[in-house]
$ cat model-v1.cif   # mmCIF, C-alpha atoms
data_start
loop_
_atom_site.label_atom_id
_atom_site.label_comp_id
_atom_site.auth_asym_id
_atom_site.auth_seq_id
_atom_site.Cartn_x
_atom_site.Cartn_y
_atom_site.Cartn_z
CA MET A 24 40.39 -24.53 25.55
CA TYR A 25 41.47 -21.55 27.62
CA ASP A 26 44.29 -23.60 29.25
CA LYS A 27 46.07 -23.76 25.90
CA VAL A 28 46.27 -20.00 25.53
CA ASP A 29 49.86 -18.74 25.73
CA LYS A 30 49.93 -16.94 29.07
CA ARG A 31 52.95 -14.90 28.01
CA ILE A 32 50.60 -12.40 26.38
CA PHE A 33 49.48 -11.39 29.86
CA ARG A 34 53.04 -10.75 31.01
CA ALA A 35 53.90 -8.22 28.30
CA PRO A 36 55.31 -4.89 29.47
CA TYR A 37 52.70 -2.37 30.53
CA HIS A 38 53.36 0.06 27.70
CA VAL A 39 53.06 -2.72 25.12
CA ALA A 40 49.79 -3.85 26.59
CA ALA A 41 48.56 -0.27 26.69
CA ILE A 42 49.47 0.29 23.06
CA THR A 43 47.77 -2.96 22.14
CA PHE A 44 44.55 -1.97 23.83
CA VAL A 45 44.65 1.47 22.20
CA ILE A 46 45.05 -0.14 18.78
CA ILE A 47 42.20 -2.53 19.52
CA GLY A 48 40.04 0.36 20.69
CA ILE A 49 40.77 2.38 17.57
CA THR A 50 40.00 -0.62 15.38
CA LEU A 51 36.71 -1.35 17.13
CA SER A 52 35.75 2.32 17.01
CA GLY A 53 36.47 2.39 13.29
CA ILE A 54 34.32 -0.67 12.75
CA PHE A 55 31.51 0.85 14.80
CA VAL A 56 31.67 4.17 12.95
CA SER A 57 31.86 2.44 9.58
CA THR A 58 28.86 0.29 10.45
CA LEU A 59 26.92 3.31 11.66
CA VAL A 60 27.70 5.28 8.51
CA LEU A 61 26.83 2.28 6.35
CA ASN A 62 23.51 1.78 8.13
CA GLN A 63 22.71 5.47 7.81
CA SER A 64 23.57 5.29 4.12
CA HIS A 65 21.26 2.33 3.64
CA THR A 66 18.49 4.15 5.47
CA ALA A 67 19.01 7.26 3.37
CA MET A 68 18.99 5.19 0.20
CA ALA A 69 15.77 3.49 1.21
CA GLN A 70 14.09 6.75 2.14
CA GLN A 71 15.30 8.81 -0.82
CA GLU A 72 14.64 6.54 -3.77
CA GLN A 73 12.86 9.48 -5.36
CA SER A 74 16.23 10.48 -6.79
CA ILE A 75 16.06 7.55 -9.20
CA ALA A 76 12.28 7.40 -9.55
CA PRO A 77 10.53 8.51 -12.75
CA LYS A 78 9.94 12.26 -12.68
CA ASP A 79 8.01 14.44 -15.09
CA ILE A 80 8.09 11.69 -17.72
CA SER A 81 5.10 11.41 -20.04
CA PHE A 82 3.80 8.13 -21.41
CA ASP A 83 0.69 6.84 -23.17
CA ILE A 84 -1.80 4.14 -22.28
CA ASP A 85 -4.32 3.45 -25.06
CA ASN A 86 -3.60 6.84 -26.67
CA MET A 87 -4.20 8.69 -23.41
CA THR A 88 -1.24 10.66 -22.03
CA PHE A 89 -0.15 10.42 -18.39
CA SER A 90 2.94 11.66 -16.59
CA HIS A 91 5.07 10.75 -13.56
CA HIS A 92 5.75 13.31 -10.83
CA MET A 93 7.38 13.56 -7.40
CA THR A 94 6.35 15.98 -4.69
CA SER A 95 7.06 16.64 -1.00
CA VAL A 96 4.11 15.96 1.30
CA ASN A 97 3.82 15.32 5.02
CA GLY A 98 7.58 14.90 5.43
CA ILE A 99 8.05 12.38 2.60
CA GLN A 100 8.48 12.28 -1.17
CA LEU A 101 5.36 11.00 -2.91
CA HIS A 102 5.31 9.65 -6.45
CA TYR A 103 2.11 9.99 -8.47
CA VAL A 104 0.84 9.61 -12.01
CA ILE A 105 -1.66 12.07 -13.48
CA GLY A 106 -3.54 12.42 -16.75
CA GLY A 107 -6.84 13.28 -18.38
CA HIS A 108 -9.14 16.23 -17.91
CA GLY A 109 -12.22 17.04 -15.89
CA PRO A 110 -12.97 16.81 -12.15
CA PRO A 111 -10.24 15.15 -10.09
CA LEU A 112 -10.49 11.43 -9.37
CA VAL A 113 -7.95 9.96 -6.95
CA LEU A 114 -7.34 6.20 -7.12
CA LEU A 115 -5.46 4.56 -4.23
CA HIS A 116 -3.88 1.16 -4.85
CA GLY A 117 -3.69 -1.85 -2.56
CA TRP A 118 -1.10 -4.40 -1.45
CA PRO A 119 1.04 -5.88 -2.95
CA GLU A 120 0.65 -3.46 -5.84
CA THR A 121 1.45 0.12 -6.86
CA TRP A 122 -0.26 2.85 -8.90
CA TYR A 123 0.17 0.42 -11.81
CA GLU A 124 -2.81 -1.64 -10.65
CA TRP A 125 -5.11 0.99 -12.22
CA ARG A 126 -3.46 0.80 -15.67
CA HIS A 127 -6.47 -0.84 -17.37
CA VAL A 128 -9.06 1.66 -16.12
CA MET A 129 -7.05 4.89 -16.24
CA PRO A 130 -7.39 5.65 -19.99
CA ALA A 131 -11.17 5.30 -20.11
CA LEU A 132 -11.65 7.29 -16.90
CA ALA A 133 -9.23 10.00 -18.08
CA LYS A 134 -11.70 10.95 -20.82
CA TYR A 135 -13.97 12.40 -18.15
CA TYR A 136 -11.75 12.95 -15.09
CA THR A 137 -8.32 14.17 -14.15
CA VAL A 138 -7.05 10.81 -12.91
CA ILE A 139 -4.48 10.90 -10.09
CA THR A 140 -2.88 7.62 -9.01
CA PRO A 141 -0.28 7.99 -6.23
CA ASP A 142 2.10 5.37 -4.88
CA LEU A 143 1.25 5.12 -1.19
CA ARG A 144 4.08 5.97 1.20
CA GLY A 145 6.69 3.25 1.39
CA LEU A 146 5.50 1.63 -1.83
CA GLY A 147 6.31 1.95 -5.51
CA ASP A 148 8.52 4.97 -6.16
CA SER A 149 7.45 6.91 -3.07
CA SER A 150 9.99 7.30 -0.28
CA LYS A 151 10.19 4.72 2.48
CA PRO A 152 9.94 6.10 6.02
CA LEU A 153 9.93 3.68 8.92
CA THR A 154 6.66 5.00 10.36
CA GLY A 155 3.34 6.56 9.39
CA TYR A 156 1.40 3.68 7.84
CA ASP A 157 -1.86 4.22 9.71
CA GLY A 158 -4.92 5.56 7.92
CA LYS A 159 -4.79 9.04 9.39
CA THR A 160 -1.19 9.64 8.34
CA THR A 161 -1.48 8.10 4.87
CA ALA A 162 -4.68 10.05 4.25
CA GLU A 163 -2.85 13.27 5.13
CA ASP A 164 -0.20 12.37 2.54
CA ILE A 165 -2.91 12.27 -0.13
CA HIS A 166 -4.73 15.33 1.19
CA GLN A 167 -1.57 17.42 0.94
CA LEU A 168 -0.99 16.14 -2.60
CA VAL A 169 -4.52 17.12 -3.62
CA ALA A 170 -4.07 20.58 -2.04
CA GLN A 171 -0.80 21.09 -3.92
CA LEU A 172 -2.58 20.25 -7.16
CA GLY A 173 -5.11 22.97 -6.37
CA TYR A 174 -8.25 20.87 -5.91
CA LYS A 175 -10.86 21.58 -3.25
CA GLN A 176 -13.12 18.58 -3.86
CA ILE A 177 -12.42 15.15 -5.34
CA PHE A 178 -13.92 11.83 -6.24
CA LEU A 179 -12.04 9.17 -4.31
CA ALA A 180 -11.63 5.40 -4.66
CA GLY A 181 -9.47 2.93 -2.77
CA HIS A 182 -8.74 -0.74 -3.22
CA ASP A 183 -7.48 -3.14 -0.54
CA VAL A 184 -5.21 -1.25 1.93
CA GLY A 185 -5.72 1.86 -0.21
CA SER A 186 -9.28 1.83 1.11
CA GLN A 187 -8.10 2.78 4.59
CA PRO A 188 -6.55 6.15 3.62
CA ALA A 189 -9.52 6.70 1.29
CA TYR A 190 -11.98 6.29 4.17
CA SER A 191 -9.76 8.23 6.61
CA TYR A 192 -9.49 11.08 4.08
CA ALA A 193 -13.28 11.23 3.76
CA ALA A 194 -13.75 11.06 7.53
CA ALA A 195 -11.22 13.83 8.21
CA HIS A 196 -12.38 16.06 5.31
CA PRO A 197 -16.03 15.11 4.68
CA THR A 198 -16.92 18.22 2.68
CA GLU A 199 -14.00 17.65 0.30
CA VAL A 200 -15.00 14.19 -0.98
CA LYS A 201 -17.96 14.21 -3.34
CA ARG A 202 -18.35 10.45 -3.55
CA LEU A 203 -16.33 7.57 -2.12
CA VAL A 204 -15.67 4.07 -3.45
CA ILE A 205 -14.23 1.29 -1.29
CA MET A 206 -13.12 -1.98 -2.93
CA GLU A 207 -12.27 -5.27 -1.27
CA TYR A 208 -11.23 -4.19 2.21
CA ILE A 209 -11.82 -5.58 5.69
CA PHE A 210 -11.88 -2.52 7.93
CA PRO A 211 -9.86 -2.94 11.14
CA GLY A 212 -12.26 -2.85 14.04
CA PHE A 213 -15.15 -3.98 11.85
CA THR A 214 -14.24 -7.48 10.68
CA PRO A 215 -17.19 -9.71 9.71
CA PRO A 216 -17.45 -12.67 12.11
CA GLN A 217 -17.29 -15.05 9.13
CA LEU A 218 -13.71 -13.94 8.45
CA GLU A 219 -12.34 -13.92 11.99
CA GLY A 220 -9.14 -15.96 11.99
CA LYS A 221 -9.48 -17.03 8.36
CA VAL A 222 -7.12 -14.56 6.72
CA TRP A 223 -3.81 -16.18 7.69
CA TRP A 224 -1.59 -13.47 6.23
CA PHE A 225 -2.93 -10.74 8.51
CA PRO A 226 -1.29 -12.01 11.73
CA PHE A 227 1.76 -13.31 9.84
CA GLN A 228 2.47 -9.96 8.21
CA GLN A 229 1.86 -8.08 11.45
CA THR A 230 4.69 -9.99 13.14
CA PRO A 231 7.69 -7.68 13.56
CA ASP A 232 10.71 -8.43 11.35
CA LEU A 233 10.01 -12.14 10.79
CA PRO A 234 8.10 -11.92 7.47
CA GLU A 235 10.84 -9.83 5.88
CA ALA A 236 13.47 -12.35 6.92
CA LEU A 237 11.51 -15.33 5.63
CA VAL A 238 10.64 -13.87 2.21
CA ASP A 239 13.98 -12.19 1.55
CA GLY A 240 15.07 -13.32 -1.89
CA LYS A 241 11.75 -15.08 -2.40
CA GLU A 242 9.54 -12.02 -2.91
CA ARG A 243 8.26 -13.21 -6.27
CA THR A 244 7.27 -16.62 -4.91
CA TYR A 245 5.50 -15.13 -1.91
CA LEU A 246 3.66 -12.36 -3.74
CA SER A 247 2.66 -14.61 -6.64
CA TRP A 248 0.64 -16.71 -4.20
CA PHE A 249 -1.65 -13.72 -3.69
CA TYR A 250 -1.89 -12.77 -7.35
CA HIS A 251 -2.94 -16.34 -8.15
CA ASN A 252 -4.94 -17.55 -5.16
CA ILE A 253 -7.23 -14.63 -4.42
CA ALA A 254 -8.09 -14.09 -8.10
CA ALA A 255 -10.99 -15.60 -10.00
CA ASN A 256 -8.97 -14.99 -13.15
CA PRO A 257 -5.25 -15.33 -12.31
CA SER A 258 -4.22 -14.58 -15.91
CA ALA A 259 -5.45 -11.00 -15.40
CA ILE A 260 -2.10 -10.25 -13.72
CA THR A 261 0.50 -11.39 -16.23
CA GLN A 262 4.08 -12.42 -15.59
CA ALA A 263 5.17 -9.02 -16.90
CA ASP A 264 2.81 -7.36 -14.40
CA ILE A 265 4.24 -9.46 -11.60
CA ASP A 266 7.73 -8.39 -12.67
CA GLU A 267 6.65 -4.76 -12.35
CA PHE A 268 5.23 -5.21 -8.86
CA VAL A 269 8.03 -7.43 -7.58
CA SER A 270 10.70 -5.02 -8.84
CA HIS A 271 9.37 -2.49 -6.31
CA TYR A 272 8.59 -4.82 -3.41
CA SER A 273 11.99 -6.53 -3.65
CA ALA A 274 13.77 -3.15 -3.44
CA PRO A 275 15.25 -2.17 -0.04
CA GLY A 276 12.41 -1.55 2.40
CA GLY A 277 9.70 -2.61 -0.06
CA MET A 278 8.45 -5.71 1.74
CA ARG A 279 8.92 -4.12 5.16
CA ASP A 280 6.76 -1.15 4.30
CA GLY A 281 4.12 -3.32 2.68
CA PHE A 282 3.92 -5.31 5.91
CA ASN A 283 3.82 -2.06 7.88
CA TYR A 284 0.34 -1.40 6.50
CA PHE A 285 -0.83 -4.57 8.22
CA ARG A 286 1.12 -3.74 11.38
CA ALA A 287 -0.84 -0.48 11.52
CA PHE A 288 -4.17 -2.36 11.77
CA PRO A 289 -4.46 -2.03 15.59
CA GLU A 290 -3.96 1.74 15.30
CA ASP A 291 -6.36 1.84 12.35
CA ALA A 292 -8.99 0.03 14.42
CA ILE A 293 -8.81 2.70 17.12
CA GLN A 294 -8.98 5.50 14.54
CA ASN A 295 -11.90 3.84 12.74
CA MET A 296 -13.83 3.44 15.98
CA ASN A 297 -13.33 7.13 16.71
CA TYR A 298 -14.28 8.17 13.17
CA SER A 299 -17.39 5.96 13.31
CA LYS A 300 -18.92 8.24 15.94
CA THR A 301 -19.70 10.63 13.06
CA LYS A 302 -20.82 8.63 10.05
CA LEU A 303 -19.98 9.75 6.55
CA THR A 304 -22.84 11.47 4.75
CA MET A 305 -21.57 11.51 1.14
CA PRO A 306 -22.67 8.62 -1.14
CA VAL A 307 -20.45 5.57 -0.67
CA LEU A 308 -20.12 2.54 -2.93
CA ALA A 309 -18.74 -0.61 -1.28
CA VAL A 310 -17.48 -3.13 -3.81
CA GLY A 311 -16.77 -6.80 -3.17
CA ALA A 312 -15.49 -9.76 -5.16
CA GLY A 313 -17.75 -12.55 -6.32
CA TYR A 314 -15.27 -15.42 -6.23
CA ILE A 315 -12.05 -15.92 -4.24
CA PRO A 316 -10.44 -19.38 -4.23
CA ALA A 317 -8.55 -18.73 -0.96
CA PHE A 318 -11.88 -18.03 0.73
CA GLY A 319 -13.47 -21.21 -0.58
CA GLY A 320 -14.81 -19.99 -3.93
CA ASN A 321 -18.07 -18.04 -4.04
CA VAL A 322 -17.95 -15.11 -1.63
CA THR A 323 -21.08 -14.94 0.50
CA ILE A 324 -20.42 -11.57 2.12
CA ASN A 325 -19.30 -8.20 0.82
CA TYR A 326 -16.92 -7.37 3.67
CA ALA A 327 -16.29 -3.86 2.36
CA LEU A 328 -20.04 -3.27 2.66
CA TYR A 329 -20.10 -4.82 6.14
CA GLY A 330 -17.60 -2.25 7.40
CA MET A 331 -18.94 0.76 5.53
CA GLN A 332 -22.47 0.20 6.81
CA LYS A 333 -21.07 0.96 10.25
CA LEU A 334 -19.04 3.92 9.08
CA ALA A 335 -21.37 5.75 6.65
CA GLN A 336 -25.05 6.61 6.27
CA ASN A 337 -25.56 6.42 2.51
CA VAL A 338 -23.95 3.16 1.42
CA THR A 339 -24.68 0.89 -1.53
CA GLY A 340 -23.03 -2.48 -2.03
CA VAL A 341 -22.02 -4.09 -5.31
CA LYS A 342 -20.62 -7.58 -5.77
CA VAL A 343 -18.60 -7.95 -8.96
CA PRO A 344 -19.38 -11.21 -10.77
CA LEU A 345 -16.56 -13.29 -12.26
CA SER A 346 -13.96 -11.37 -10.28
CA GLY A 347 -11.69 -12.12 -7.39
CA HIS A 348 -9.84 -9.66 -5.21
CA TRP A 349 -8.05 -7.84 -8.05
CA ILE A 350 -11.18 -6.19 -9.41
CA PRO A 351 -9.56 -3.31 -11.39
CA GLU A 352 -7.45 -5.85 -13.27
CA GLU A 353 -9.88 -8.77 -13.49
CA ARG A 354 -12.91 -6.72 -14.58
CA PRO A 355 -11.64 -3.33 -15.81
CA ASP A 356 -14.60 -2.68 -18.12
CA PHE A 357 -16.98 -3.36 -15.26
CA VAL A 358 -15.03 -1.01 -13.01
CA VAL A 359 -15.02 1.80 -15.58
CA ASN A 360 -18.79 1.57 -16.07
CA MET A 361 -19.38 1.23 -12.34
CA LEU A 362 -17.33 4.30 -11.44
CA ASN A 363 -18.74 6.42 -14.28
CA ASN A 364 -22.27 5.55 -13.24
CA PHE A 365 -21.68 6.10 -9.55
CA PHE A 366 -19.77 9.36 -9.88
CA SER A 367 -22.36 10.75 -12.30
CA GLY A 368 -25.16 9.90 -9.88
CA LYS A 369 -26.90 7.24 -11.98
CA PRO A 370 -28.97 4.61 -10.15
CA THR A 371 -26.66 2.14 -8.48
CA SER A 372 -28.65 -0.80 -9.80
CA GLU A 373 -27.06 -0.13 -13.18
CA THR A 374 -23.62 -0.80 -11.76
CA SER A 375 -24.47 -4.20 -10.32
CA ARG A 376 -25.32 -5.94 -13.54
#
$ encode --input "model-v1.cif" --output "structure tokens"
Amino acid sequence: MYDKVDKRIFRAPYHVAAITFVIIGITLSGIFVSTLVLNQSHTAMAQQEQSIAPKDISFDIDNMTFSHHMTSVNGIQLHYVIGGHGPPLVLLHGWPETWYEWRHVMPALAKYYTVITPDLRGLGDSSKPLTGYDGKTTAEDIHQLVAQLGYKQIFLAGHDVGSQPAYSYAAAHPTEVKRLVIMEYIFPGFTPPQLEGKVWWFPFQQTPDLPEALVDGKERTYLSWFYHNIAANPSAITQADIDEFVSHYSAPGGMRDGFNYFRAFPEDAIQNMNYSKTKLTMPVLAVGAGYIPAFGGNVTINYALYGMQKLAQNVTGVKVPLSGHWIPEERPDFVVNMLNNFFSGKPTSETSR
């Protein structure tokens, strides 16, 4: 191929060749600068979505008023929803969801508590940094939010990956959490032997870059597998609900940051092992699903309880009948009664019915 190149281009006068190379250099430099600026713009857009996120907007759920807010914490912008009155109750969502996963339980709980439901960093309408998805960092996000709101002590509940910052918050600030609830979470470093190697999406989603590339443009298909296959009642998350979740996860950085929570598992495992040297002393409720198709149907072990028994002294386990992984959506009435009973100090046996 190279033999056919017109060799006269190499015999051009020196000044012509020099000018040519200058022009080429300027062109390449322009492309490089343009690309750099464009990449920086994309990064800024991904990290500063708070500019288009809901802010200070009130809305009602079942005649109970809540409102959207944005605030600066721990170097990021955090979106949260708040409503109700009474002692503060912080609810931390899981993956692949947002604050919206608590929509069915928020109104009833808001009659007795000031309900605070943040979007975890990188998810929902919170900003999307490239780092900081380990439990210690995400817990500090929430701790700074609580401090800004003026609360010294809280009730705290986490579901799925929201359970890691919930536990890390309680471990780092044990006197500031009255009671802790953990739902449906396998704690890194404390995985039940029965589940070793059986949760295929953990290693897949921990793989750098590849999952994002494979699901790009197919976010709804990929995420719907989870909404349907780890639920006992798939209709609990409607198509409209899926639209709400997918609209956030398909936004720039949404899938990446969701996967980053799983990529933080090795760091979480080290942190959890260190935290476990001083077990939590506040009452802890560890909640597990009763039926998950992807795990073969009836769930024989409460893996949230398995981990918390190694991390806390005063732990009670509850398995939710007729529910899969999405407990707040599949059994909201059960969850409301369970949390009200537990936070008010009623015998835990009442919550397990």
$ atom_distance --input "model-v1.cif" --atom1 "CA of Phe225 in chain A" --atom2 "CA of Phe285 in chain A"
6.5 Å
$ residues_around --input "model-v1.cif" --residues "range 247-257 of chain A" --least-positions-apart "2" --cutoff "6 Å" --atoms "all atoms listed in the file" --output "ChimeraX atom specification"
/A:243-245,259,314-317,346-348
$ resolve_selection --input "model-v1.cif" --expression "the PyMOL selection byres ((chain A and resi 330) around 12)" --output "ChimeraX atom specification"
/A:186-187,190,205-216,292,295-296,299,302,307-311,324-329,331-336,338-340
$ atom_distance --input "model-v1.cif" --atom1 "CA of Gln167 in chain A" --atom2 "CA of Leu101 in chain A"
10.2 Å
$ atom_distance --input "model-v1.cif" --atom1 "CA of Thr301 in chain A" --atom2 "CA of Ala193 in chain A"
11.3 Å
$ resolve_selection --input "model-v1.cif" --expression "the PyMOL selection byres ((chain A and resi 286) around 9)" --output "PyMOL selection string"
chain A and resi 156-157+225-226+228-231+282-285+287-290
$ write_last_selection --input "model-v1.cif" --atoms "C-alpha atoms" --output "short mmCIF file (atom, residue, chain, number, x, y, z; two decimals), in the coordinates of the input"
data_model
loop_
_atom_site.label_atom_id
_atom_site.label_comp_id
_atom_site.auth_asym_id
_atom_site.auth_seq_id
_atom_site.Cartn_x
_atom_site.Cartn_y
_atom_site.Cartn_z
CA TYR A 156 1.40 3.68 7.84
CA ASP A 157 -1.86 4.22 9.71
CA PHE A 225 -2.93 -10.74 8.51
CA PRO A 226 -1.29 -12.01 11.73
CA GLN A 228 2.47 -9.96 8.21
CA GLN A 229 1.86 -8.08 11.45
CA THR A 230 4.69 -9.99 13.14
CA PRO A 231 7.69 -7.68 13.56
CA PHE A 282 3.92 -5.31 5.91
CA ASN A 283 3.82 -2.06 7.88
CA TYR A 284 0.34 -1.40 6.50
CA PHE A 285 -0.83 -4.57 8.22
CA ALA A 287 -0.84 -0.48 11.52
CA PHE A 288 -4.17 -2.36 11.77
CA PRO A 289 -4.46 -2.03 15.59
CA GLU A 290 -3.96 1.74 15.30
#
$ closest_residue --input "model-v1.cif" --among "A:Val358, A:Ile350, A:Leu179, A:Leu146" --to "Met129 in chain A" --atoms "all atoms listed in the file"
A:Val358
$ residues_around --input "model-v1.cif" --residues "Pro188 in chain A" --least-positions-apart "6" --cutoff "8 Å" --atoms "all atoms listed in the file" --output "PyMOL selection string"
chain A and resi 157-162+181
$ closest_residue --input "model-v1.cif" --among "A:His91, A:Gly240, A:Leu132, A:Asn97" --to "Asn363 in chain A" --atoms "only C-alpha atoms"
A:Leu132
$ residues_around --input "model-v1.cif" --residues "Leu168 in chain A" --least-positions-apart "4" --cutoff "9 Å" --atoms "all atoms listed in the file" --output "list in words"
Thr94, Ser95, Val96, Leu101, Pro141, Glu163, Asp164, Leu172 and Gly173 of chain A
$ residues_near_point --input "model-v1.cif" --point "(6.1, 7.0, 2.9)" --cutoff "10 Å" --atoms "all atoms listed in the file" --output "PyMOL selection string"
chain A and resi 70+96-102+142-156+160-161+164+280
